[in-house]
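One structure below.
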Amino acid sequence: GEDVEQSLFLSVREGDSSVINCTYTDSSSTYLYWYKQEPGAGLQLLTYIFSNMDMKQDQRLTVLLNKKDKHLSLRIADTQTGDSAIYFCAEFMDTGRRALTFGSGTRLQVQP
Amino acid sequence: NAGVTQTPKFQVLKTGQSMTLQCAQDMNHNSMYWYRQDPGMGLRLIYYSASEGTTDKGEVPNGYNVSRLNKREFSLRLESAAPSQTSVYFCASIHSGNTGELFFGEGSRLTVL
């Protein structure tokens, strides 16, 4: 999506932490999301954060939101080979077009 | 519980041929969407239907038409396929008022020769 940007590739070693970054442009976004796509499958929701929050933690996942800089990040602690996938950030606005706008996706490769 | 079902999963067309991608959801969701996924470009919204009886253009609607046949079904039609429409197509649905958890089908891989 033209309004949401991500780097295309990240490689980490098993057990390390992964940080996937995303920038968005629309300050009226009300919700921001991280989706995961495994090979040959559709997307599955990993986690989401409301725009009035700074941080959300869910087991190994930590989402940080810097609304001033329009920057969203996903940290995966103790990354496992099963975490290898494409990760998409997405934004949703409550007004106008009620649909998610996705970034281009970051391919995470976890090396054993 | 099937969730979102798309057919066909794979299709090869010749330029100029027409076809319809079918999508059905059994979760009583109000809103349904068609996205296409191309390498390095993420998912781009083609059309969406906020509720039964309504459809709206998304980011890349040219060359496509849609029909919201009923609450369950949302089809995507290519009237005259072009090689630029070679892509993986995903149907998704969500219940209005939900916090954005789209439920996706498994995708339909379309190749236009």
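In the structure tokens, chains take the letters A, B, ... in the order shown, each chain's residues start at 1, and ligands count up from 1 in the order shown.
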Please check the contacts: residues of chain B at most 10 Å away from chain A, using only C-alpha atoms, listed as number ranges by chain. B: 31-33, 37-45, 47-50, 56-59, 88-92, 94, 96-97, 99-109
DSSP on the backbone: which residues in chain B end up as strand (DSSP E or B)? Give the answer as a VMD selection string. chain B and resid 4 to 7 10 to 13 19 to 25 31 to 38 42 to 49 56 to 57 65 to 68 73 to 78 87 to 94 103 to 104 108 to 112
Determine, counting only C-alpha atoms, which protein, DNA and RNA residues have an atom within 8 Å of an atom of Thr62 (chain A); residues of the same chain fewer than 3 positions away are not included. Present the result as a PDB file with N, CA, C and O atoms, in the first residue's frame.
```pdb
ATOM      1  N   MET A  55       2.087   1.191  23.655  1.00  0.00           N
ATOM      2  CA  MET A  55       2.718  -0.124  23.678  1.00  0.00           C
ATOM      3  C   MET A  55       1.663  -1.180  23.988  1.00  0.00           C
ATOM      4  O   MET A  55       0.703  -0.934  24.719  1.00  0.00           O
ATOM      5  N   LYS A  56       1.887  -2.347  23.425  1.00  0.00           N
ATOM      6  CA  LYS A  56       1.053  -3.494  23.754  1.00  0.00           C
ATOM      7  C   LYS A  56       1.938  -4.723  23.757  1.00  0.00           C
ATOM      8  O   LYS A  56       2.750  -4.912  22.841  1.00  0.00           O
ATOM      9  N   GLN A  57       1.800  -5.542  24.805  1.00  0.00           N
ATOM     10  CA  GLN A  57       2.606  -6.755  24.889  1.00  0.00           C
ATOM     11  C   GLN A  57       1.694  -7.967  24.929  1.00  0.00           C
ATOM     12  O   GLN A  57       0.662  -7.973  25.609  1.00  0.00           O
ATOM     13  N   ASP A  58       2.069  -8.979  24.186  1.00  0.00           N
ATOM     14  CA  ASP A  58       1.278 -10.203  24.114  1.00  0.00           C
ATOM     15  C   ASP A  58       2.254 -11.355  23.972  1.00  0.00           C
ATOM     16  O   ASP A  58       2.724 -11.652  22.875  1.00  0.00           O
ATOM     17  N   GLN A  59       2.586 -11.992  25.101  1.00  0.00           N
ATOM     18  CA  GLN A  59       3.539 -13.106  25.151  1.00  0.00           C
ATOM     19  C   GLN A  59       4.866 -12.672  24.524  1.00  0.00           C
ATOM     20  O   GLN A  59       5.514 -11.762  25.048  1.00  0.00           O
ATOM     21  N   LEU A  74       7.155  -4.052  15.550  1.00  0.00           N
ATOM     22  CA  LEU A  74       6.801  -5.347  16.128  1.00  0.00           C
ATOM     23  C   LEU A  74       8.084  -6.024  16.563  1.00  0.00           C
ATOM     24  O   LEU A  74       8.978  -6.245  15.739  1.00  0.00           O
ATOM     25  N   ARG A  75       8.175  -6.326  17.846  1.00  0.00           N
ATOM     26  CA  ARG A  75       9.335  -7.037  18.356  1.00  0.00           C
ATOM     27  C   ARG A  75       8.903  -8.456  18.703  1.00  0.00           C
ATOM     28  O   ARG A  75       7.909  -8.670  19.402  1.00  0.00           O
ATOM     29  N   ILE A  76       9.645  -9.427  18.191  1.00  0.00           N
ATOM     30  CA  ILE A  76       9.412 -10.825  18.516  1.00  0.00           C
ATOM     31  C   ILE A  76      10.597 -11.289  19.346  1.00  0.00           C
ATOM     32  O   ILE A  76      11.739 -11.316  18.869  1.00  0.00           O
TER      33      ILE A  76
END
```
Residue with smallest distance to Thr86 (chain B) - pool B:Thr111, B:Ser18, B:Asp26, B:Ile46, counting only C-alpha atoms: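 Closest residue, counting only C-alpha atoms: B:Thr111.
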Just want the 10 Å neighbourhood of Ala85 (chain A), counted on only C-alpha atoms, with same-chain residues fewer than 4 positions away dropped. Output as an MDAnalysis selection string. chainID A and resid 36:39 81 105:110
